[in-house]
Structures are given as structure tokens and as C-alpha cells.
$ cat model-v5.tsv   # TSV, C-alpha atoms
chain	number	residue	atom	x	y	z
K	1315	MET	CA	163.83	149.91	125.95
K	1316	LYS	CA	161.18	147.24	125.58
K	1317	SER	CA	158.61	146.83	128.37
K	1318	ARG	CA	158.91	143.95	130.80
K	1319	ILE	CA	155.62	142.08	130.25
K	1320	GLU	CA	154.18	139.55	132.69
K	1321	ILE	CA	150.92	137.60	132.64
K	1322	SER	CA	149.72	135.94	135.82
K	1323	ILE	CA	146.67	133.82	136.53
K	1324	ASP	CA	145.40	133.03	140.03
K	1325	ASP	CA	143.69	130.14	141.82
K	1326	GLY	CA	144.32	126.99	139.74
K	1327	ASP	CA	140.91	126.71	138.07
K	1328	PRO	CA	139.88	124.11	135.42
K	1329	MET	CA	139.39	126.97	132.94
K	1330	ASP	CA	143.16	127.52	133.10
K	1331	THR	CA	143.33	124.93	130.31
K	1332	ARG	CA	141.57	127.42	128.01
K	1333	THR	CA	143.93	130.19	129.15
K	1334	ILE	CA	146.91	127.94	128.39
K	1335	GLU	CA	145.57	127.26	124.87
K	1336	LEU	CA	145.39	131.01	124.22
K	1337	LEU	CA	148.81	131.70	125.71
K	1338	ASN	CA	150.32	128.95	123.56
K	1339	LYS	CA	148.49	130.18	120.44
K	1340	TYR	CA	150.19	133.58	120.78
K	1341	GLY	CA	153.56	132.36	122.02
K	1342	LEU	CA	153.13	133.89	125.47
K	1343	LYS	CA	154.15	132.51	128.86
K	1344	GLY	CA	152.01	132.68	131.96
K	1345	MET	CA	152.68	132.48	135.69
K	1346	PHE	CA	149.98	130.41	137.39
K	1347	TYR	CA	149.58	130.90	141.15
K	1348	ILE	CA	148.28	127.64	142.58
K	1349	PRO	CA	146.84	126.95	146.07
K	1350	SER	CA	147.28	123.39	147.37
K	1351	ASN	CA	143.51	122.90	147.68
K	1352	SER	CA	142.78	123.73	144.03
K	1353	TRP	CA	142.06	121.85	140.83
K	1354	GLY	CA	145.35	123.22	139.50
K	1355	PHE	CA	147.37	121.52	142.24
K	1356	GLU	CA	145.87	118.15	141.30
K	1357	ASN	CA	146.59	118.83	137.61
K	1358	LEU	CA	150.04	120.47	137.65
K	1359	ASP	CA	151.03	118.70	134.42
K	1360	CYS	CA	148.81	121.04	132.42
K	1361	TYR	CA	151.12	123.95	133.37
K	1362	LYS	CA	154.28	122.26	132.10
K	1363	ASP	CA	155.09	124.92	129.50
K	1364	HIS	CA	154.44	127.79	131.92
K	1365	GLU	CA	155.56	128.92	135.38
K	1366	VAL	CA	153.93	127.97	138.68
K	1367	GLY	CA	153.97	130.07	141.82
K	1368	GLY	CA	152.72	129.68	145.38
K	1369	HIS	CA	149.31	130.87	146.53
K	1370	THR	CA	149.02	129.26	150.02
K	1371	LYS	CA	147.66	125.91	151.12
K	1372	SER	CA	143.96	126.85	151.46
K	1373	HIS	CA	143.74	130.40	149.98
K	1374	PRO	CA	143.03	132.44	153.15
K	1375	VAL	CA	143.48	136.19	153.40
K	1376	LEU	CA	146.88	136.36	155.10
K	1377	ARG	CA	146.73	139.88	156.54
K	1378	GLY	CA	145.35	139.53	160.03
K	1379	LEU	CA	146.21	135.85	160.44
K	1380	PRO	CA	148.62	135.01	163.27
K	1381	TYR	CA	152.25	134.63	162.19
K	1382	GLU	CA	152.23	130.85	162.80
K	1383	LEU	CA	149.19	130.29	160.59
K	1384	GLN	CA	150.65	132.42	157.82
K	1385	LEU	CA	153.88	130.44	158.04
K	1386	LEU	CA	151.97	127.14	157.85
K	1387	GLU	CA	149.90	128.24	154.83
K	1388	ILE	CA	152.90	129.60	152.91
K	1389	GLU	CA	155.50	126.98	153.79
K	1390	ALA	CA	153.21	123.96	153.28
K	1391	ASN	CA	152.10	125.17	149.84
K	1392	LYS	CA	155.67	125.90	148.73
K	1393	GLY	CA	156.87	122.48	149.90
K	1394	GLU	CA	153.98	120.64	148.25
K	1395	LEU	CA	154.41	122.46	144.94
K	1396	GLU	CA	158.18	121.89	144.89
K	1397	LYS	CA	157.76	118.19	145.69
K	1398	ARG	CA	155.21	117.71	142.91
K	1399	LEU	CA	157.08	119.85	140.35
K	1400	GLY	CA	160.58	118.65	141.22
K	1401	ARG	CA	161.98	122.19	141.20
K	1402	LYS	CA	162.10	125.37	143.27
K	1403	VAL	CA	159.11	127.71	143.40
K	1404	THR	CA	160.28	131.30	143.89
K	1405	SER	CA	157.25	133.48	143.08
K	1406	PHE	CA	154.20	134.02	145.30
K	1407	CYS	CA	150.86	135.80	144.98
K	1408	TYR	CA	149.00	137.18	148.01
K	1409	PRO	CA	145.43	135.76	148.14
K	1410	ARG	CA	143.07	138.67	147.49
K	1411	GLY	CA	146.19	140.86	147.41
K	1412	ARG	CA	146.30	141.26	151.18
K	1413	TYR	CA	149.48	140.89	153.21
K	1414	SER	CA	151.43	142.38	156.12
K	1415	ASN	CA	155.08	142.94	156.96
K	1416	ASP	CA	154.98	139.55	158.72
K	1417	THR	CA	153.84	137.96	155.46
K	1418	ILE	CA	156.81	139.41	153.60
K	1419	GLU	CA	159.18	138.28	156.36
K	1420	ILE	CA	157.80	134.73	156.09
K	1421	LEU	CA	158.10	134.69	152.30
K	1422	LYS	CA	161.76	135.67	152.52
K	1423	LYS	CA	162.37	133.14	155.32
K	1424	VAL	CA	161.03	130.20	153.29
K	1425	GLY	CA	162.89	131.17	150.11
K	1426	TYR	CA	160.54	133.19	147.93
K	1427	GLU	CA	162.18	135.85	145.77
K	1428	GLU	CA	159.11	137.89	144.80
K	1429	ALA	CA	155.40	138.33	145.52
K	1430	ARG	CA	152.60	139.88	143.48
K	1431	THR	CA	149.81	142.09	144.79
K	1432	THR	CA	146.47	142.96	143.12
K	1433	ILE	CA	147.05	146.73	142.94
K	1434	VAL	CA	146.51	147.93	139.36
K	1435	LEU	CA	147.63	150.76	137.06
K	1436	LYS	CA	151.29	150.47	138.08
K	1437	THR	CA	153.98	150.46	135.41
K	1438	ASP	CA	157.13	150.37	137.50
K	1439	TYR	CA	158.88	147.55	139.29
K	1440	LYS	CA	160.38	148.71	142.58
K	1441	ASP	CA	159.98	146.14	145.35
K	1442	PRO	CA	159.99	142.45	144.43
K	1443	PHE	CA	157.76	141.65	147.44
K	1444	ARG	CA	155.24	144.34	146.53
K	1445	LYS	CA	155.08	143.65	142.81
K	1446	HIS	CA	152.02	145.53	141.62
K	1447	THR	CA	150.18	145.01	138.35
K	1448	THR	CA	149.03	147.18	135.48
K	1449	ILE	CA	145.76	145.56	134.42
K	1450	HIS	CA	143.30	143.16	136.02
K	1451	CYS	CA	141.24	141.69	133.15
K	1452	TYR	CA	138.05	142.70	134.92
K	1453	GLN	CA	136.13	145.97	134.90
K	1454	ARG	CA	137.38	147.84	137.98
K	1455	SER	CA	136.53	151.29	139.31
K	1456	GLU	CA	140.17	152.35	138.97
K	1457	TYR	CA	139.70	152.37	135.17
K	1458	GLU	CA	137.16	155.22	135.53
K	1459	GLY	CA	134.70	153.79	133.02
K	1460	VAL	CA	137.29	152.87	130.38
K	1461	ASP	CA	136.98	149.25	129.26
K	1462	TRP	CA	139.79	147.14	130.75
K	1463	LEU	CA	140.95	145.96	127.31
K	1464	GLU	CA	141.16	149.49	125.95
K	1465	LYS	CA	142.94	150.64	129.14
K	1466	ALA	CA	145.48	147.83	128.70
K	1467	LYS	CA	146.18	148.76	125.07
K	1468	GLU	CA	146.44	152.46	125.95
K	1469	ILE	CA	149.03	151.79	128.65
K	1470	LEU	CA	151.10	149.30	126.63
K	1471	ARG	CA	151.26	151.70	123.66
K	1472	LYS	CA	153.14	154.11	125.97
K	1473	ASN	CA	155.95	151.54	126.32
K	1474	PRO	CA	156.00	151.40	130.14
K	1475	GLU	CA	158.93	149.99	132.10
K	1476	TYR	CA	156.67	147.19	133.36
K	1477	PHE	CA	153.33	145.84	132.13
K	1478	GLY	CA	151.71	143.24	134.39
K	1479	VAL	CA	148.39	141.60	133.52
K	1480	TRP	CA	146.52	139.35	135.91
K	1481	PHE	CA	143.17	137.57	136.08
K	1482	HIS	CA	141.29	134.47	137.15
K	1483	SER	CA	140.28	132.07	134.36
K	1484	TRP	CA	136.97	131.46	136.15
K	1485	GLU	CA	136.30	135.23	136.08
K	1486	ILE	CA	136.91	135.38	132.32
K	1487	THR	CA	134.33	132.60	131.93
K	1488	LYS	CA	131.83	134.13	134.34
K	1489	TYR	CA	131.81	137.48	132.52
K	1490	ASP	CA	132.21	135.96	129.03
K	1491	GLU	CA	135.45	137.83	128.33
K	1492	TRP	CA	137.35	135.15	126.34
K	1493	ASP	CA	137.21	137.12	123.07
K	1494	LYS	CA	138.59	140.20	124.82
K	1495	LEU	CA	141.33	138.18	126.51
K	1496	GLU	CA	142.34	136.72	123.17
K	1497	GLU	CA	142.40	140.21	121.65
K	1498	LEU	CA	144.71	141.34	124.47
K	1499	PHE	CA	147.02	138.35	123.98
K	1500	LYS	CA	147.16	139.00	120.23
K	1501	PHE	CA	147.95	142.67	120.89
K	1502	MET	CA	150.66	141.72	123.38
K	1503	SER	CA	152.20	139.16	121.03
K	1504	GLU	CA	152.46	141.80	118.27
K	1505	TYR	CA	153.83	144.47	120.60
K	1506	ASP	CA	157.45	145.34	119.89
K	1507	GLY	CA	157.91	148.25	122.31

$ encode --input "model-v5.tsv" --output "C-alpha cells"
Amino acid sequence: MKSRIEISIDDGDPMDTRTIELLNKYGLKGMFYIPSNSWGFENLDCYKDHEVGGHTKSHPVLRGLPYELQLLEIEANKGELEKRLGRKVTSFCYPRGRYSNDTIEILKKVGYEEARTTIVLKTDYKDPFRKHTTIHCYQRSEYEGVDWLEKAKEILRKNPEYFGVWFHSWEITKYDEWDKLEELFKFMSEYDG
């Protein structure tokens, strides 16, 4: 069985245009999670060949916010994205990966079908509202000193059930990781599980 592979990019940054060029070069599709107060929201046309998901109105950490404020942030963003895109938005990403049971209840109430966290090194897909990831394209302590690109290749070679990659385009720029990201995309495009 071939791995289910997903690539998601958070925050709607101007550098998403460079990410889109790389995705297109390797025939890959991305899911871009866009807050209403971001560059990406004002430039939704650039995502036309990819998917767009919700990421709140103003990108607050939802866990700990009162229910009503969470509802406002989630529902307003979903409505604004759907109005601008002319279609339903069914996928959501928790800002900074933080959420509560109330958050999940709200997502279901307003019509989301799934939500992504920022937990890494997971290769299974159990709960659509706690969809974890495999690799964050950033050097994290969870990788125990192994370079994130090498960790990604190592995991994908094992043909996992699920392989989820996520990052911020601004982070790739800040740490000058574009060559490594392209190498990962090339590796993923050649992968035949």
C-alpha cells in the first residue's frame, strides 16, 4: 500500500509564492492554511492550483480562549475564505498547534471535517480532528540531532501509512532551507511506495 502523503503550509506568507513554484515544479499539491489577517488572504488567487484551509481570523492560540472568542475566530475565517474562494473550506489548522475539546466541538459545529496539529513523528491517521504530522521542515528536538531532511527521507523509505509534512514559508527563508525543501519535494515526487 502506498503512503498517504500530505504537504501543508501555514500562515499565508508572501514566500508562499516560492513554495508554490517548487510544488508545481515537482507536481505536488499543497494545503495552505490561511488566517484572515494575512498576506495570503489578500492574495488567494496565488493558491488556485492548491488547497486552502482555515487558520482563524487573527491567528490567536485557541486553547485557553473563551468558547465565544474561539467561535468568532474560527467561524469568521471560514466564512471569509468561503466567500472569497466561492467554495467550501473543510480543513483547519490549529494556530501553534494548540486546541481544546471546545475547539474541536466548534470546528465540527461550523462544518470543518478535519484539523491538523503540529505534533511530529506520527505516521498514522486516526482522528481527523487531531491529525498529527510526520515532519516539520525545521530542526526540532524530537529529531534527536538528525537533520530534518534526513529524518523525513528515513521515515518515507519505510512506507508509512501516513506521511505529513508541514512548514512555514517564512521559516524556510529565515533559516535558508530552500535547497533542502526542494530536495525533499524531489524525493517525494520520485517516491513510489

$ residues_around --input "model-v5.tsv" --residues "K:Trp1353" --least-positions-apart "2" --cutoff "6 Å" --atoms "all atoms listed in the file" --output "PyMOL selection string"
chain K and resi 1326-1327+1355-1356

$ residues_around --input "model-v5.tsv" --residues "stretch 1419-1423 of chain K" --least-positions-apart "5" --cutoff "8 Å" --atoms "all atoms listed in the file" --output "list of chain:residue names"
K:Gln1384, K:Leu1385, K:Ile1388

$ residues_around --input "model-v5.tsv" --residues "stretch 1484-1488 of chain K" --least-positions-apart "5" --cutoff "8 Å" --atoms "only C-alpha atoms" --output "ChimeraX atom specification"
/K:1327-1330,1451-1452,1495

$ write_last_selection --input "model-v5.tsv" --atoms "C-alpha atoms" --output "PDB file, keeping the file's coordinate frame"
ATOM      1  CA  ASP K1327     140.910 126.710 138.070  1.00  0.00           C
ATOM      2  CA  PRO K1328     139.880 124.110 135.420  1.00  0.00           C
ATOM      3  CA  MET K1329     139.390 126.970 132.940  1.00  0.00           C
ATOM      4  CA  ASP K1330     143.160 127.520 133.100  1.00  0.00           C
ATOM      5  CA  CYS K1451     141.240 141.690 133.150  1.00  0.00           C
ATOM      6  CA  TYR K1452     138.050 142.700 134.920  1.00  0.00           C
ATOM      7  CA  LEU K1495     141.330 138.180 126.510  1.00  0.00           C
TER       8      LEU K1495
END

$ closest_residue --input "model-v5.tsv" --among "K:Glu1382, K:Glu1427, K:Glu1497, K:Asp1438" --to "K:Arg1318" --atoms "all atoms listed in the file"
K:Asp1438

$ closest_residue --input "model-v5.tsv" --among "K:Gly1368, K:Gly1411, K:Pro1374, K:Pro1380" --to "K:Gly1393" --atoms "only C-alpha atoms"
K:Gly1368

$ atom_distance --input "model-v5.tsv" --atom1 "atom CA of K:Glu1389" --atom2 "atom CA of K:Val1424"
6.4 Å

$ atom_distance --input "model-v5.tsv" --atom1 "atom CA of K:Ile1449" --atom2 "atom CA of K:Val1479"
4.8 Å

$ atom_distance --input "model-v5.tsv" --atom1 "atom CA of K:Ala1390" --atom2 "atom CA of K:Lys1371"
6.3 Å

$ residues_around --input "model-v5.tsv" --residues "K:Glu1387" --least-positions-apart "4" --cutoff "10 Å" --atoms "all atoms listed in the file" --output "MDAnalysis selection string"
chainID K and resid 1349:1350 1368:1374 1376 1382:1383 1391:1392

$ write_last_selection --input "model-v5.tsv" --atoms "C-alpha atoms" --output "mmCIF file, in the frame of the given file"
data_model
loop_
_atom_site.group_PDB
_atom_site.id
_atom_site.type_symbol
_atom_site.label_atom_id
_atom_site.label_comp_id
_atom_site.auth_asym_id
_atom_site.auth_seq_id
_atom_site.Cartn_x
_atom_site.Cartn_y
_atom_site.Cartn_z
ATOM 1 C CA PRO K 1349 146.840 126.950 146.070
ATOM 2 C CA SER K 1350 147.280 123.390 147.370
ATOM 3 C CA GLY K 1368 152.720 129.680 145.380
ATOM 4 C CA HIS K 1369 149.310 130.870 146.530
ATOM 5 C CA THR K 1370 149.020 129.260 150.020
ATOM 6 C CA LYS K 1371 147.660 125.910 151.120
ATOM 7 C CA SER K 1372 143.960 126.850 151.460
ATOM 8 C CA HIS K 1373 143.740 130.400 149.980
ATOM 9 C CA PRO K 1374 143.030 132.440 153.150
ATOM 10 C CA LEU K 1376 146.880 136.360 155.100
ATOM 11 C CA GLU K 1382 152.230 130.850 162.800
ATOM 12 C CA LEU K 1383 149.190 130.290 160.590
ATOM 13 C CA ASN K 1391 152.100 125.170 149.840
ATOM 14 C CA LYS K 1392 155.670 125.900 148.730
#

$ residues_around --input "model-v5.tsv" --residues "K:Lys1440" --least-positions-apart "4" --cutoff "12 Å" --atoms "all atoms listed in the file" --output "MDAnalysis selection string"
chainID K and resid 1428:1430 1436 1444:1447 1475:1476

$ write_last_selection --input "model-v5.tsv" --atoms "C-alpha atoms" --output "PDB file, keeping the file's coordinate frame"
ATOM      1  CA  GLU K1428     159.110 137.890 144.800  1.00  0.00           C
ATOM      2  CA  ALA K1429     155.400 138.330 145.520  1.00  0.00           C
ATOM      3  CA  ARG K1430     152.600 139.880 143.480  1.00  0.00           C
ATOM      4  CA  LYS K1436     151.290 150.470 138.080  1.00  0.00           C
ATOM      5  CA  ARG K1444     155.240 144.340 146.530  1.00  0.00           C
ATOM      6  CA  LYS K1445     155.080 143.650 142.810  1.00  0.00           C
ATOM      7  CA  HIS K1446     152.020 145.530 141.620  1.00  0.00           C
ATOM      8  CA  THR K1447     150.180 145.010 138.350  1.00  0.00           C
ATOM      9  CA  GLU K1475     158.930 149.990 132.100  1.00  0.00           C
ATOM     10  CA  TYR K1476     156.670 147.190 133.360  1.00  0.00           C
TER      11      TYR K1476
END

$ decode --input "model-v5.tsv" --residues "stretch 1417-1474 of chain K" --atoms "C-alpha atoms" --output "compact mmCIF listing (two decimals), in the first residue's frame"
# COMPACT_ATOMS: atom_id res chain seq x y z
CA THR K 1417 -12.14 23.96 19.80
CA ILE K 1418 -12.93 20.60 18.23
CA GLU K 1419 -16.62 20.99 19.10
CA ILE K 1420 -16.66 24.40 17.38
CA LEU K 1421 -14.89 23.08 14.28
CA LYS K 1422 -17.49 20.35 13.90
CA LYS K 1423 -20.33 22.81 14.56
CA VAL K 1424 -19.25 25.18 11.78
CA GLY K 1425 -18.66 22.41 9.24
CA TYR K 1426 -14.99 21.50 9.30
CA GLU K 1427 -14.17 17.87 8.55
CA GLU K 1428 -10.57 17.74 9.80
CA ALA K 1429 -7.93 19.70 11.70
CA ARG K 1430 -4.15 19.46 11.77
CA THR K 1431 -1.92 19.74 14.81
CA THR K 1432 1.85 20.43 14.96
CA ILE K 1433 2.82 17.16 16.67
CA VAL K 1434 5.56 15.43 14.65
CA LEU K 1435 6.91 11.92 14.03
CA LYS K 1436 3.45 10.40 13.59
CA THR K 1437 2.78 8.07 10.68
CA ASP K 1438 -0.79 7.01 11.34
CA TYR K 1439 -4.08 8.74 10.72
CA LYS K 1440 -6.58 8.03 13.49
CA ASP K 1441 -8.64 11.10 14.41
CA PRO K 1442 -9.45 13.63 11.69
CA PHE K 1443 -9.61 16.44 14.30
CA ARG K 1444 -6.24 15.51 15.78
CA LYS K 1445 -4.39 14.96 12.53
CA HIS K 1446 -0.73 14.87 13.51
CA THR K 1447 2.24 15.29 11.20
CA THR K 1448 5.41 13.39 10.44
CA ILE K 1449 7.93 16.13 9.71
CA HIS K 1450 8.13 19.85 10.40
CA CYS K 1451 10.73 21.24 7.96
CA TYR K 1452 12.61 22.82 10.85
CA GLN K 1453 15.25 21.38 13.16
CA ARG K 1454 13.30 20.20 16.23
CA SER K 1455 14.47 18.46 19.39
CA GLU K 1456 12.21 15.48 18.61
CA TYR K 1457 14.60 14.56 15.77
CA GLU K 1458 17.37 13.92 18.34
CA GLY K 1459 20.09 15.61 16.33
CA VAL K 1460 19.18 14.04 12.98
CA ASP K 1461 18.74 16.64 10.24
CA TRP K 1462 15.04 17.14 9.44
CA LEU K 1463 15.55 16.32 5.75
CA GLU K 1464 17.35 13.07 6.52
CA LYS K 1465 14.69 12.18 9.11
CA ALA K 1466 11.97 12.77 6.50
CA LYS K 1467 13.68 10.54 3.93
CA GLU K 1468 14.32 7.83 6.54
CA ILE K 1469 10.65 7.73 7.54
CA LEU K 1470 9.26 7.84 3.99
CA ARG K 1471 11.54 4.99 2.90
CA LYS K 1472 9.71 2.80 5.46
CA ASN K 1473 6.46 3.30 3.51
CA PRO K 1474 4.34 4.57 6.43
